[in-house]
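All remarks here apply to the structure that follows.
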There are 2 protein chains.
Amino acid sequence: MSDNLSAVGVLGTGVVGETIAARLAELGHDVLIGSRTAKSDRVVTFADAAAHGHLLVNATGGLVSIDALTAANTAGALDGKVLIDVSNPLDFSEGFPPKVLATDRESCSERIQAAFPQARVVKALNTMNMALGVNPRSLPATHSTFIAGNDDDAKADVRALLRTLGWGDEEILDLGDLTGARGLELYLTLWLRLMGTVGGPTFNIHVVRD
Amino acid sequence: MSDNLSAVGVLGTGVVGETIAARLAELGHDVLIGSRTAKSDRVVTFADAAAHGHLLVNATGGLVSIDALTAANTAGALDGKVLIDVSNPLDFSEGFPPKVLATDRESCSERIQAAFPQARVVKALNTMNMALGVNPRSLPATHSTFIAGNDDDAKADVRALLRTLGWGDEEILDLGDLTGARGLELYLTLWLRLMGTVGGPTFNIHVVRD
């Protein structure tokens, strides 16, 4: 990971954003969190967080990400940036489990990439509880995490960041270009069901091969 | 598994149906394969295969299963039967990868159950290559397989059958009622992508928990 990725802007103040921001700060990153309105020295506007970060994380809800990123993109703050999209298109309007508003022909990540063509979007860390995603060694076995994106250099940066979080290189599976985000988002329907079977969110899948 | 489940009707003559039929015959089941038209002593009509089996396997393509099962259901041959649905709603009309025509609000299995309310549908074995599904120990590690259905006795029969194929009891995860089939079918979009990353179909996921 380039040194200049030490400055991170995490967009979104929900539990996902707070979790990844806290972990990145623990690892020594200079993190600002972006919100609709500034709240403190650490929680600033989307635009200020995006201007601050050389690496950006979209941790807003997948259904409102375009709005949040439009606010963040003041003065072209997304241009050229690596934008890790951890969002999922979950609609909680009818309760739990939420609807998963993806299809095998579209994804949140692709909509974001299309809306902000100068950003370098990489889908990552959307397939598990974020507490586990940023502390993968809290599970006592090998498991898998996925990346997808159109820019190989951006994926290399995200892979390096995942390594610093504790992921083994062989645990990081590259699904190719950003259309790989479709399967990663659709998987949430199975994930939500598995959460009921397992009895909580602390689980993940490992891709086992021969 | 009840002794009377030794007679099996496998509906569908594609590679999926042939693979599961061969393995069940190897295990001592009395297997007939159902097809649109009878071809041999072993490959008979859908109706004859359904009448023969106390346990039935839907191995037709998910988009044509209702038609095949309608043919199979002559004289109520599906009534009361355990019907293992291994199908997936794959549309190859525009090439590879196929479209996965499921949503988080419907599945092939539920459509089948609704069309044949007297059958006891259990979704199983749709999330991996069937050669692996019927020979799980061909992978050198623990991995996971899933069942979903509305009838607990039917699920117990399917679990017992999976055990005879080589699945460990702890590897079989019960996702609850048949709406669990939605996530299992939607997962195919990720599976198809993973096949490209892994470089072939011989892989599966293991649900890792703490």
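By convention in this document, the chains of the structure tokens carry letters A, B, ... by their order, each chain's residues are numbered from 1, and ligands are numbered from 1 in the order they are shown.
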
What's the 9 Å shell around Phe46 (chain B), counting only C-alpha atoms, without same-chain residues fewer than 6 positions away, as a compact mmCIF listing (two decimals) with N, CA, C and O atoms, in the first residue's frame?
```txt
# COMPACT_ATOMS: atom_id res chain seq x y z
N GLY B 9 -36.81 -42.01 -7.89
CA GLY B 9 -37.03 -41.52 -9.24
C GLY B 9 -36.27 -40.22 -9.42
O GLY B 9 -36.51 -39.26 -8.68
N VAL B 10 -35.35 -40.22 -10.36
CA VAL B 10 -34.59 -39.01 -10.67
C VAL B 10 -35.17 -38.41 -11.94
O VAL B 10 -35.13 -39.05 -13.00
N LEU B 11 -35.70 -37.21 -11.83
CA LEU B 11 -36.35 -36.57 -12.97
C LEU B 11 -35.35 -35.65 -13.66
O LEU B 11 -34.87 -34.69 -13.06
N GLY B 12 -35.02 -35.99 -14.90
CA GLY B 12 -34.05 -35.17 -15.63
C GLY B 12 -32.87 -36.00 -16.07
O GLY B 12 -32.26 -36.71 -15.27
N ILE B 33 -34.73 -43.22 -14.01
CA ILE B 33 -34.57 -41.83 -14.45
C ILE B 33 -35.74 -41.45 -15.33
O ILE B 33 -36.13 -42.21 -16.22
N GLY B 34 -36.31 -40.28 -15.04
CA GLY B 34 -37.44 -39.82 -15.82
C GLY B 34 -37.03 -38.85 -16.91
O GLY B 34 -36.21 -37.96 -16.67
N SER B 35 -37.63 -39.04 -18.09
CA SER B 35 -37.34 -38.19 -19.23
C SER B 35 -38.64 -37.86 -19.95
O SER B 35 -39.70 -38.44 -19.67
N ARG B 36 -38.56 -36.92 -20.88
CA ARG B 36 -39.75 -36.58 -21.66
C ARG B 36 -40.31 -37.82 -22.36
O ARG B 36 -41.52 -38.04 -22.37
N THR B 37 -39.40 -38.63 -22.89
CA THR B 37 -39.84 -39.86 -23.56
C THR B 37 -39.00 -41.03 -23.03
O THR B 37 -37.82 -40.87 -22.71
N ALA B 38 -39.60 -42.20 -22.95
CA ALA B 38 -38.88 -43.38 -22.46
C ALA B 38 -37.80 -43.78 -23.45
O ALA B 38 -37.99 -43.69 -24.67
N ALA B 68 -42.04 -30.37 -16.38
CA ALA B 68 -41.60 -31.76 -16.20
C ALA B 68 -42.35 -32.41 -15.05
O ALA B 68 -42.78 -33.58 -15.14
N LEU B 69 -42.53 -31.67 -13.96
CA LEU B 69 -43.21 -32.24 -12.80
C LEU B 69 -44.70 -32.42 -13.07
O LEU B 69 -45.33 -33.33 -12.51
N THR B 70 -45.27 -31.58 -13.92
CA THR B 70 -46.66 -31.78 -14.31
C THR B 70 -46.81 -33.09 -15.06
O THR B 70 -47.74 -33.88 -14.80
N ALA B 71 -45.85 -33.37 -15.93
CA ALA B 71 -45.86 -34.66 -16.64
C ALA B 71 -45.64 -35.81 -15.66
O ALA B 71 -46.26 -36.88 -15.78
N ALA B 72 -44.79 -35.57 -14.67
CA ALA B 72 -44.49 -36.62 -13.70
C ALA B 72 -45.68 -36.93 -12.80
O ALA B 72 -45.82 -38.04 -12.29
N ASN B 73 -46.53 -35.95 -12.61
CA ASN B 73 -47.58 -36.05 -11.59
C ASN B 73 -48.84 -36.76 -12.08
O ASN B 73 -49.89 -36.68 -11.45
N THR B 74 -48.73 -37.44 -13.19
CA THR B 74 -49.85 -38.24 -13.67
C THR B 74 -50.35 -39.14 -12.54
O THR B 74 -49.56 -39.77 -11.86
```

Apply DSSP to the structure's backbone, then extract all residues of region 71-132 of chain A labelled alpha helix (DSSP H) and return them as a PDB file with C-alpha atoms, in the first residue's frame.
```pdb
ATOM      1  CA  ALA A  71     -22.241  15.272  -1.465  1.00  0.00           C
ATOM      2  CA  ALA A  72     -18.742  13.862  -0.953  1.00  0.00           C
ATOM      3  CA  CYS A 108     -24.554  -1.005  -6.002  1.00  0.00           C
ATOM      4  CA  SER A 109     -20.886  -0.898  -6.873  1.00  0.00           C
ATOM      5  CA  GLU A 110     -21.494  -0.655 -10.593  1.00  0.00           C
ATOM      6  CA  ARG A 111     -24.045   2.104 -10.110  1.00  0.00           C
ATOM      7  CA  ILE A 112     -21.484   4.004  -8.034  1.00  0.00           C
ATOM      8  CA  GLN A 113     -18.755   3.459 -10.633  1.00  0.00           C
ATOM      9  CA  ALA A 114     -21.080   4.646 -13.396  1.00  0.00           C
ATOM     10  CA  ALA A 115     -22.052   7.753 -11.429  1.00  0.00           C
ATOM     11  CA  MET A 130     -17.695  -5.741   9.704  1.00  0.00           C
ATOM     12  CA  ALA A 131     -16.344  -6.547  13.175  1.00  0.00           C
ATOM     13  CA  LEU A 132     -15.144  -9.804  11.647  1.00  0.00           C
TER      14      LEU A 132
END
```

For this session: Hey, list the chain B side of the contact with chain A: 9 Å cut-off, only C-alpha atoms, answer as number ranges by chain.
Result: B: 99-105, 138-143, 173-176, 180-194, 196-198, 202-210

Exercise. Leaving out Ile20 (chain A) and any residue of its chain fewer than 6 positions from it, which residues lie within 10 Å of it when counting only C-alpha atoms, given as JSON, numbers by chain?
Worked result: {"A": [10, 26, 31, 57, 59, 130, 131, 133, 134, 135, 165]}

For this session: Find the spatial neighbours of Leu178 (chain A), counting only C-alpha atoms, within a cut-off of 6 Å - ignore same-chain residues fewer than 3 positions away - and output them as number ranges by chain.
Result: A: 148-150, 181

Go ahead and save the picked residues with C-alpha atoms, as a short mmCIF file (atom, residue, chain, number, x, y, z; two decimals), in the first residue's frame.
```cif
data_model
loop_
_atom_site.label_atom_id
_atom_site.label_comp_id
_atom_site.auth_asym_id
_atom_site.auth_seq_id
_atom_site.Cartn_x
_atom_site.Cartn_y
_atom_site.Cartn_z
CA ALA A 148 -13.83 -6.99 -7.44
CA GLY A 149 -13.04 -3.90 -9.46
CA ASN A 150 -11.99 -2.52 -12.81
CA ALA A 181 -20.04 -7.27 -7.11
#
```

For this session: as a VMD selection string, please: all residues of region 24-201 of chain A that backbone DSSP puts in strand (DSSP E or B).
Result: chain A and resid 30 to 35 43 to 45 55 to 58 82 to 85 90 to 91 99 to 100 103 106 120 to 124 145 to 149 172 to 174

For this session: Work out how far apart CA of Leu161 (chain A) and CA of Ala51 (chain A) are and give it in Å to one decimal.
Result: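 Separating CA of Leu161 (chain A) from CA of Ala51 (chain A) is a distance of 19.7 Å.
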
Exercise. Which one of A:Leu5, A:Ala77, A:Gly199, A:Ala47 sits closest to Val158 (chain A) if you count only C-alpha atoms?
Worked result: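 Smallest separation from Val158 (chain A) among the options: A:Leu5.
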
Exercise. Could you state the separation of CA of Leu24 (chain B) and CA of Ser6 (chain B) in Å, given to one decimal place?
Worked result: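 Answer for the CA of Leu24 (chain B) to CA of Ser6 (chain B) separation: 9.0 Å.
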
Exercise. CA of Lys81 (chain B) and CA of His52 (chain B) are how many Å apart?
Worked result: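 Calculated distance between CA of Lys81 (chain B) and CA of His52 (chain B) is 10.9 Å.
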